[in-house]
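Here's the structure, in structure tokens; my notes come after.
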Amino acid sequence: MDRRKFLQIMGLVSGTTLLSSCGSESNQKELISYLVPPEDGVRPGTAAWRVSTCSECPAHCGIKIRLREGRAVKLEGNPSHPINRGALCMRGQAALWRLYHPERLRTPLLRQGNGYQAVSWEDALDHIVRAMSEASAQQRTNMLLSGSTTGSLAALQERFAEACPVTRLPEFEYFSHAALRQAYQLLYGRPVLPQYRIEDADLLITVGADLLETFVSPAGYTRQLATARHDHDLHWRHIEPHLSLTGANADQRLSIQPASEAILLLWLLQTLADSRRYVGQLPPQLRTALPEISLDRAVQATGLTTSRLRDLANSLEKARRPLLIVGGIATAHGAGQQTALFGGLLQWLLTAPWQGLDFTQAERPERIGDLRDLQQLSDTLRGGAVGVLLISRADPLRHAPGDWKFADNLRRAGLSVAMADIPDATTRAVDLVLPLTHGFERWDDVEPRFGLHSLIQPALAPLHETRSEGDILLQLQQRLTGHSESGNYETFLQQRWRKQFSASARHNFFQHGHVVTAPAVTDASLRIAQTAVVLKQISLPTPLSTPVAVISGSIRSFDGRSAALPLLGEIPDPLTTITHGTWIALSPHTAKQLGVSDSAELRLTSGGFDLAQPARLQPGLPDGVFSLPVDSLISGPPGIDPATGEALRVIGSVKAERTGKQLPLPILSGSPSQQGRGIIPKPIHRDKNHHAEHRALYPEPAYRQYRWAMAIDLQQCVGCGACVASCYVENSVPVVGRRDHLKGREMSWLRIEPFYDDQGQVSFIPMLCQHCGFAPCEPVCPVYAAYHNPEGLNVQVYNRCVGTRYCSNNCPYKVRRFNWWQHEWAPPLDKMHNPDLQKRTKGMMEKCTFCIQRIRAAHEAAAKENRPIRDGEVIPACAQSCPTGAITFGNRLDPDAAVTRIIKSPRTYRVFEGLGTEPAVYYLRPN
Amino acid sequence: MNNNIPVPQVETDVLAAMSRPGYAWLTGFGLAGLLFVGALALWAYQIQHGMGVAGIMHPVGWGVYIANFVFWVGIAHSGTLISAVLYIFRARFRTSFNRSAEAMTIFALMVAGLFPLIHLGRVWRFYYLFPYPNQRQLWVNFRSPLVWDVFAVSTYFMVSLVFFYVGLMPDLAIVARHRGGWAGRLYRVLSLGWSGSLREWRHYDRLYMFLAAFATPLVASVHSIVSWDFAVSIIPGWHTTIFAPYFVAGAIFSGTAMVLTLVIPMRRVLHLEHLISIDHIESIAKILLLTSLIVGFSYIVEHGMAFYGNNLFEMEQFRFRAMGHYSLLFWIMITCNAILPLLLFVQRLRRNLIFLFVLGLLVNVGMWLERFVIVVCSLARDFDPYNWGNYSPSLVEIGITVGSFGLFFAAFLVFVKTLPVLSITELKER
Amino acid sequence: MPRHLFFDTPEAFLQELRAQLAAGVPRRRLQAHLPFHLHEAEALLIGRPSRLRYFAMIGALLGFGGGFLLAMLTSLDWPIITGGKPIVSVPPFLLIGYLMTILIGSLSSFIGFLWLARLPSAKTLVTDRPFDSRFVLAIDDEDAS
């Protein structure tokens, strides 16, 4: 090509390009369209919300699922839901981790020798059908064992069991509240748990019932307690042999001798029944049937002083609306039956005058069995009488005592099938594993209380080749009997809902996620005659001899089922601040006697019970009591109480010895005491003169319209850690695992710090970036990665950060987190990443932003309507999730904002005020 | 002009040191080089995987790397002190040490300069630390002590390099005269064609004086600025006004000890006994003693202030240093830095080369530990007790630390064989 | 071609230099090459101080002003608040000025020296043995004019 030709072509090309780019704007139309039309209203960059129901525990709190680009990215409590009223516990927050768990079961798995092989759904179902037919031919029974099931699925199970036929075993829950339900069955003829009207009570005495951790509906109770404490002065006393989070948050905690609750309750019952106020109220038949107990005996058995006992009785007599709740570990030992019975009677005596119990909306665990039922199953299995055993959403293998040899017995079944979402002890023992869809991938409903129907609505299409339990049962039924209720579970649900609810109720159901139908009013009067008969036969228990081991429920893993969720391993246990590990807590005094320190291995033996775990010194724990979370048990509970079928959770005559080994244990707290530093000041610090007047060298930056601030009421905070979990999910905070936690490299932007005083009383303080007015972290950053924005936020610009870590060093609150690694989100966990946030890479500093993405969203919304941001429009993830409403966020410059009003309280203080950092987080000192 | 040695004798004596490297030299250089290469590999590993491979953790965001940085900057100081300050004070014994001390300054700064880079989480963005026009339209934060560090250390390095080079110019011309072939020509070029004319000499003389004058305040300011990395913060144990003089004294103390560590074997190996006299070494020992007293006094002041000040945070910090997790290191530091050097009050020991050599090593150990104690203890126990946590260095950190000594010694060994280790010109003048 | 006189000691050199000057040899015809600096020789042959101080002075002042202005103007270019400190934070900016004083002062002195001493010099770079360990007095006998 010669030069002339080249120039000609170039001229043509550039000329046509120029011409084609000329044109008038007026006749142009937007031609950009979605390659794939947005289905279901998914618009990029905007969030959609779906109401649904959490299924992490049988409480079934109402939730809202936040969707971005068709992915569920965040859960929040549904404020209109009657169970939790907007609160959501850390386990609920972690439900997304179950949905996106990298180890979720993806296809049916059939046992081949020692391993499993993926099979197709058709093969798996055929396999089951064949085995069921075979079993019928061999006169063996087919059985269905499931976790707590209510609502439509329960109805379907019933029909399936009838049609196939399959024996529907009592449902299995480790926290079965069996003793309580048996007591209510005896007293009222109803094997259920009533609603306790906590919000109306003025005195609450809880015996063993860990309301904040695992008892029935923790998030709901936490909210109710907070409301009661906020609205009127609820006085709350907790009685327990060990130290639980619930006990730590009661106004008064009484430590009693393990397993002596029955005696205490009996003495109280007797004293109150004879007291001026309640005399004659207990039916004489029952009064005479009660065993007699002297004050001396009660003092000796419970370990409480005479004055304490009298005071307890007096306060119950004086209270206008006293309420007693017994449960948890108080009923999980040899004297559990007596405790539940005396407790039930005393509860009746106290609440009958003001109707403190509500049986119409009782919790619905009525089909839940107890460990005796499981034992029976185990025996039946050993006898070879079981054909196909379908296990759904339950992990009996984990909770069966080791000496039953449940796993061995299971092999004698014709075919054992587990339906589960992530692997557990049971899925590792059965012949066939069927992967279940997660609650966020399917339609369903639950009825956790009589008359309360809660919607389970899918947020996204199933991630894997999974099927819902309803579909599996329908398909099995179809194959076995040739016909089924309906083609699939969704149509089954629709038919049922249409039958159950009116059109307006259905509308509410889909709109608000729940609907309340009028429950059948049932008689809940005391059945005197039957009770008297039982009372006459009852014997007084003997307290267990110390030292004892107490197996407590865990706020992090419930009965151990949530332990597999990495997020919950990452959040410290509120009292011990241990993450990623199991432990035995003991009092510092006992530890000294045994010569153990933190993370020294301790071995507990008692009869057949033998357990070695690292020790953790726990201030506030009574001497001679070893407290261990249920996760610490490697091979099921040490035994069951034959009278009630509850798992034994208090073991007496324990022998403790140190093995001499040191086990690594990630303990996040550097010191149990605040070392007199006034982080949570005592009321004596109220005096203004206590702190030197602080004068700043420079004027505080002039904020124009907004100065974001947060108020945290420590009186309300119970240290449950829901805010921590919420923050993790909202801000895609990396979960780093045990190895880094052992080095103290946790990434949490928000943490709960427990501090113990000399008496073992614990106070909690949530610690997050304080967004200081004079932030020490800012001027030390050489590259302006940390700076103060005009709205008072202490901003971290990830892209500028070079990773000197100077800001973290200079932060008095140590709330900054450094990315020590390139944190990977194993697929499909990456789908959970909040798209409003930048992904942080290795070598960057990050920290709490006051959920700046939410502030930005509010700014955009306000700008569209040409108005300032309204108070309450921005709610950070932590504040939203807090079950007690302890956290308030807002604009300090707005005189009417809630936060501005709250920080005028005389209880207000800021942490390390003397340093002159002018934090924007205001704490309200506990009373 | 008290010269006992005939003029050419000085030249041949000093140049004799630059003879072909022997077996010992090669072994030493190989070993040091290997350590350095190992450190580079570890650094690459760290960049690849992230800072997590180091032991630093949540409360203790700075560990061995920053301790090393402060330590090496400190080592650098004695070079400037000996060459610039003593020049201004016309101290005779300076001539015996100034060349090697200056070389030490350069190499120590080279090593020191690596550590802020090594400790960066995103070292591939290190240029963000320099003020240059960029498309981010962002300059650096001149309020940050780290930017002061960037300026102070780079200024210090460049001024030291110029000073070292200017001092070398006449000597390079001498070497060029003694060497034939391409080596001679190279030295000639390096000397910029130095001819020793009066015109060159008279400006040279002024230049040397000016450079000494410019470098003298650096002796005080560079380590002051390094100390402000800590003193400007609010961390108990860091936030104190005593830090600047305390660090400067400490720097000269450690630097002087390093001079002894290097010069005593060098004098022996290179047969320079008649040029570097015991009297001169004793003078260095006196500096060591003086700075040790200042450092010891600073320790007392620090702890006294914490004790007397009745500040909860400070009190706990200094209790922790003496009695906490790192107390062993603290007491080794006290022994090496404040107690053992007191033996130098005995003249016999001041003139005992073996004692001085061992003491120099121990002081270096003590001063390294001082930096470790200051950096780590303060962070390990700050305001919020929940955050307290103890740090221990990882193998990567230890390897890189050892490798930094490798780089330093390798550079020094190269210097010994390529440049006159004593200032020939000044020896003649003496 | 100048005449070269070699001396082993500075005393002998200075004696000869004084003798030459006393004999009426003009300074411009005398050249000295020394193994180290002799202030007496400078006083005898030149007699006025080196102009290097101006380089040092100007460099130092430029460094100080430049350093401070660099910090100030870049801070004003995008005013970012850190730690509530003023945008123009004088004390730290003075520090930058101080450091730049030393850096630019030293560098300009060095450059000034190269300029004043005419280094590197192409002539001496190629000459064999330009630098002697003896004191050399070169006398240009023939008048340049």
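Letters A, B, ... go to the chains of the structure tokens in the order shown; residues in each chain start at 1; ligands are counted from 1 in the same order.
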Compile the contact shell of C:Ala60 as a PyMOL selection string: residues with an atom at most 6 Å away, counting only C-alpha atoms, same-chain residues fewer than 5 positions apart removed.
-> chain C and resi 101+104-105
Determine which residues of chain C receive a DSSP assignment of strand (DSSP E or B), computed from the backbone, and state them as a PyMOL selection string.
-> chain C and resi 3-7+30-33+81+135-139
Using the chain letters and numbers from this document, which residues of stretch 670-912 of chain A does DSSP assign to helix (DSSP H, G or I), as a VMD selection string?
-> chain A and resid 683 to 686 688 to 690 722 to 730 738 to 742 798 to 800 806 to 809 829 to 832 852 to 864 877 to 881 898 to 902
Check every residue of chain C for an atom within 7 Å of chain B, counting only C-alpha atoms, and provide those that qualify as a ChimeraX atom specification.
-> /C:32-37,42,50,52,71,74,92-93,96,99,102-103,106,109-110,113,117,119-121,124-125,129-131
Create the file for the chosen residues now, containing N, CA and C atoms and written as a short mmCIF file (atom, residue, chain, number, x, y, z; two decimals), in the first residue's frame.
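Result went into out.cif, see below:
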data_model
loop_
_atom_site.label_atom_id
_atom_site.label_comp_id
_atom_site.auth_asym_id
_atom_site.auth_seq_id
_atom_site.Cartn_x
_atom_site.Cartn_y
_atom_site.Cartn_z
N ALA C 32 49.02 25.64 42.45
CA ALA C 32 49.41 24.70 43.49
C ALA C 32 48.56 23.44 43.39
N HIS C 33 49.22 22.29 43.58
CA HIS C 33 48.50 21.00 43.68
C HIS C 33 48.91 20.36 44.96
N LEU C 34 47.90 20.06 45.83
CA LEU C 34 48.23 19.66 47.19
C LEU C 34 47.59 18.32 47.52
N PRO C 35 48.21 17.53 48.39
CA PRO C 35 47.56 16.29 48.85
C PRO C 35 46.50 16.58 49.91
N PHE C 36 46.58 17.69 50.58
CA PHE C 36 45.49 18.13 51.45
C PHE C 36 45.52 19.64 51.51
N HIS C 37 44.45 20.20 52.06
CA HIS C 37 44.28 21.63 51.98
C HIS C 37 45.25 22.35 52.91
N GLU C 42 46.16 29.08 50.48
CA GLU C 42 44.98 29.79 50.00
C GLU C 42 45.12 31.29 50.28
N SER C 50 35.76 31.62 49.75
CA SER C 50 35.04 30.90 48.70
C SER C 50 33.61 31.42 48.60
N LEU C 52 31.17 29.66 47.92
CA LEU C 52 30.27 28.52 48.13
C LEU C 52 29.16 28.86 49.11
N ALA C 71 4.02 21.76 51.80
CA ALA C 71 3.06 21.22 52.77
C ALA C 71 1.80 22.06 52.79
N THR C 74 -0.25 22.02 49.22
CA THR C 74 -0.91 20.75 48.94
C THR C 74 -2.05 20.51 49.92
N PRO C 92 3.88 21.04 62.21
CA PRO C 92 4.43 19.97 61.37
C PRO C 92 4.95 20.48 60.02
N PHE C 93 4.33 21.55 59.52
CA PHE C 93 4.78 22.05 58.22
C PHE C 93 6.15 22.70 58.36
N ILE C 96 8.71 20.05 57.99
CA ILE C 96 9.02 19.73 56.60
C ILE C 96 9.97 20.79 56.05
N LEU C 99 13.48 20.17 57.32
CA LEU C 99 14.17 19.05 56.67
C LEU C 99 14.58 19.41 55.25
N ILE C 102 17.76 21.47 55.06
CA ILE C 102 19.00 20.70 55.12
C ILE C 102 19.25 19.98 53.81
N LEU C 103 18.20 19.39 53.28
CA LEU C 103 18.38 18.61 52.06
C LEU C 103 18.80 19.51 50.89
N SER C 106 22.22 21.20 51.43
CA SER C 106 23.37 20.32 51.19
C SER C 106 23.56 20.07 49.70
N SER C 109 24.87 23.12 47.95
CA SER C 109 26.28 23.33 48.27
C SER C 109 27.15 22.41 47.42
N PHE C 110 26.70 21.17 47.31
CA PHE C 110 27.49 20.20 46.55
C PHE C 110 27.55 20.61 45.08
N PHE C 113 29.72 23.52 44.70
CA PHE C 113 31.13 23.12 44.77
C PHE C 113 31.61 22.60 43.42
N ALA C 117 34.50 24.48 41.57
CA ALA C 117 35.78 23.76 41.44
C ALA C 117 35.97 23.23 40.02
N LEU C 119 34.40 20.85 38.43
CA LEU C 119 34.43 19.39 38.43
C LEU C 119 33.11 18.89 37.88
N PRO C 120 33.01 17.76 37.27
CA PRO C 120 34.17 16.97 36.84
C PRO C 120 34.86 17.64 35.65
N SER C 121 36.15 17.51 35.67
CA SER C 121 36.92 18.20 34.65
C SER C 121 37.37 17.20 33.60
N THR C 124 41.37 16.58 33.45
CA THR C 124 42.01 15.72 34.45
C THR C 124 41.48 14.30 34.41
N LEU C 125 40.27 14.13 33.83
CA LEU C 125 39.72 12.77 33.79
C LEU C 125 40.56 11.87 32.90
N ARG C 129 47.61 10.14 36.26
CA ARG C 129 48.09 10.61 37.55
C ARG C 129 47.94 12.12 37.74
N PRO C 130 46.74 12.62 37.79
CA PRO C 130 46.58 14.06 37.99
C PRO C 130 46.86 14.46 39.43
N PHE C 131 46.80 13.50 40.32
CA PHE C 131 46.83 13.84 41.74
C PHE C 131 48.04 13.20 42.38
#
Select all residues from chain A having any atom no more than 9 Å from an atom of chain C (counting only C-alpha atoms, ignoring ligands), output as a list in words.
->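 Every residue meeting the condition is included here: Leu697, Tyr698, Pro699, Glu700, Pro701, Cys772, Gly773, Phe774, Ala775, Pro776, Cys777, Glu778, Pro779, Val780, Cys781, Tyr784, Ala786, Tyr787, His788, Asn789, Pro790, Asn794 and Thr917 of chain A.
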Please produce, as CSV, a per-residue contact table for chain A versus chain B (criterion: any atom at most 7 Å away, only C-alpha atoms considered), showing the nearest atom pair and its distance in Å to one decimal, sorted by chain then residue number.
residue,atom,partner,partner_atom,distance
A:Ser669,CA,B:Tyr386,CA,4.6
A:Gly670,CA,B:Trp388,CA,4.3
A:Ser671,CA,B:Pro385,CA,5.4
A:Gln674,CA,B:Pro385,CA,5.9
A:Lys743,CA,B:Met57,CA,6.2
A:Gly744,CA,B:His58,CA,5.6
A:Arg745,CA,B:His58,CA,5.3
A:Glu753,CA,B:Tyr386,CA,6.5
A:Pro779,CA,B:Ser144,CA,5.4
A:Val780,CA,B:Ser144,CA,4.2
A:Cys781,CA,B:Ser144,CA,5.7
A:Pro782,CA,B:Asn141,CA,4.9
A:Val783,CA,B:Val140,CA,5.1
A:Tyr784,CA,B:Asn141,CA,5.8
A:Val802,CA,B:Arg122,CA,4.9
A:Gly803,CA,B:Gly121,CA,4.0
A:Thr804,CA,B:Leu120,CA,5.1
A:Arg805,CA,B:Gly61,CA,5.8
A:Ser808,CA,B:Gly61,CA,7.0
A:Asn809,CA,B:Gly61,CA,6.0
A:Asn810,CA,B:Ser233,CA,5.8
A:Pro812,CA,B:Phe383,CA,5.7
A:Tyr813,CA,B:Asp384,CA,6.2
A:Lys814,CA,B:Pro59,CA,6.8
A:Trp820,CA,B:Gly52,CA,4.4
A:Trp821,CA,B:Gly50,CA,4.7
A:Gln822,CA,B:Gly50,CA,6.7
A:Lys842,CA,B:Gly50,CA,6.0
A:Gly843,CA,B:Gly121,CA,3.8
A:Met844,CA,B:Gly121,CA,6.5
Please identify all polymer residues within 12 Å of A:Ser133, counting only C-alpha atoms, omitting same-chain residues fewer than 5 positions from it, and present them as a list of chain:residue names.
-> A:Asp126, A:His127, A:Ile128, A:Gln138, A:Gln139, A:Arg140, A:Thr141, A:Asn142, A:Cys164, A:Pro165, A:Val166, A:Gly387, A:Val388, A:Gly414, A:Leu415, A:Leu476, A:Gln477, A:Arg479, A:Leu480, A:Thr481
d(atom CA of A:Pro170, atom CA of A:Ile368) in Å = 5.4 Å
What is the atom CA of A:Ser148 to atom CA of A:Thr331 distance in Å?
-> 20.1 Å
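Computed from the coordinates, the atom CA of A:Pro883 to atom CA of A:Leu243 distance equals 21.1 Å.
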Please provide as a ChimeraX atom specification all residues within 8 Å of stretch 586-593 of chain A, with the sequence filter that same-chain residues fewer than 2 positions apart are discarded (counting only C-alpha atoms).
-> /A:584,595-597,615-627
Output N, CA and C atoms for every residue in the selection just made, as a compact mmCIF listing (two decimals), in the first residue's frame.
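Output file result.txt follows:
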# COMPACT_ATOMS: atom_id res chain seq x y z
N ILE A 584 -14.26 -25.53 79.59
CA ILE A 584 -14.91 -25.76 80.88
C ILE A 584 -14.63 -24.51 81.70
N GLY A 595 -4.96 -25.63 90.53
CA GLY A 595 -3.71 -25.24 89.89
C GLY A 595 -3.81 -25.12 88.39
N VAL A 596 -4.95 -24.69 87.88
CA VAL A 596 -5.07 -24.50 86.44
C VAL A 596 -5.22 -23.02 86.13
N SER A 597 -4.82 -22.64 84.95
CA SER A 597 -5.05 -21.29 84.47
C SER A 597 -5.78 -21.41 83.14
N ALA A 615 -9.54 -25.19 80.24
CA ALA A 615 -10.22 -24.46 81.31
C ALA A 615 -10.31 -22.99 80.97
N ARG A 616 -11.34 -22.35 81.50
CA ARG A 616 -11.46 -20.91 81.37
C ARG A 616 -11.92 -20.36 82.71
N LEU A 617 -11.16 -19.44 83.27
CA LEU A 617 -11.52 -18.85 84.55
C LEU A 617 -12.69 -17.90 84.36
N GLN A 618 -13.72 -18.12 85.14
CA GLN A 618 -14.95 -17.34 84.95
C GLN A 618 -15.30 -16.65 86.26
N PRO A 619 -15.03 -15.36 86.37
CA PRO A 619 -15.42 -14.67 87.60
C PRO A 619 -16.94 -14.72 87.74
N GLY A 620 -17.41 -14.80 88.95
CA GLY A 620 -18.85 -14.80 89.18
C GLY A 620 -19.43 -16.19 89.24
N LEU A 621 -18.69 -17.18 88.80
CA LEU A 621 -19.17 -18.55 88.86
C LEU A 621 -18.95 -19.05 90.29
N PRO A 622 -19.96 -19.71 90.90
CA PRO A 622 -19.74 -20.21 92.27
C PRO A 622 -18.61 -21.24 92.29
N ASP A 623 -17.95 -21.32 93.42
CA ASP A 623 -16.86 -22.29 93.56
C ASP A 623 -17.43 -23.70 93.48
N GLY A 624 -16.64 -24.58 92.90
CA GLY A 624 -17.05 -25.97 92.83
C GLY A 624 -18.06 -26.26 91.73
N VAL A 625 -18.31 -25.30 90.87
CA VAL A 625 -19.23 -25.53 89.75
C VAL A 625 -18.44 -25.41 88.46
N PHE A 626 -18.53 -26.44 87.65
CA PHE A 626 -17.88 -26.39 86.34
C PHE A 626 -18.97 -26.19 85.31
N SER A 627 -18.85 -25.10 84.58
CA SER A 627 -19.89 -24.78 83.62
C SER A 627 -19.35 -24.98 82.23
At a cut-off of 8 Å, using only C-alpha atoms, what residues contact A:Ala59? Leave out same-chain residues fewer than 5 positions from it and give the result as a short mmCIF file (atom, residue, chain, number, x, y, z; two decimals) with C-alpha atoms, in the first residue's frame.
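Generated output (result14.cif):
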data_model
loop_
_atom_site.label_atom_id
_atom_site.label_comp_id
_atom_site.auth_asym_id
_atom_site.auth_seq_id
_atom_site.Cartn_x
_atom_site.Cartn_y
_atom_site.Cartn_z
CA ILE A 83 -42.78 -13.14 68.36
CA VAL A 216 -38.20 -21.21 74.00
CA SER A 217 -37.97 -17.79 72.30
CA PRO A 218 -34.84 -15.91 73.35
CA PRO A 448 -44.97 -21.67 66.40
#
So which residues touch A:Ile578 within 6 Å, counting only C-alpha atoms, skipping near sequence neighbours fewer than 6 positions away, as a VMD selection string?
-> chain A and resid 572 666 to 667
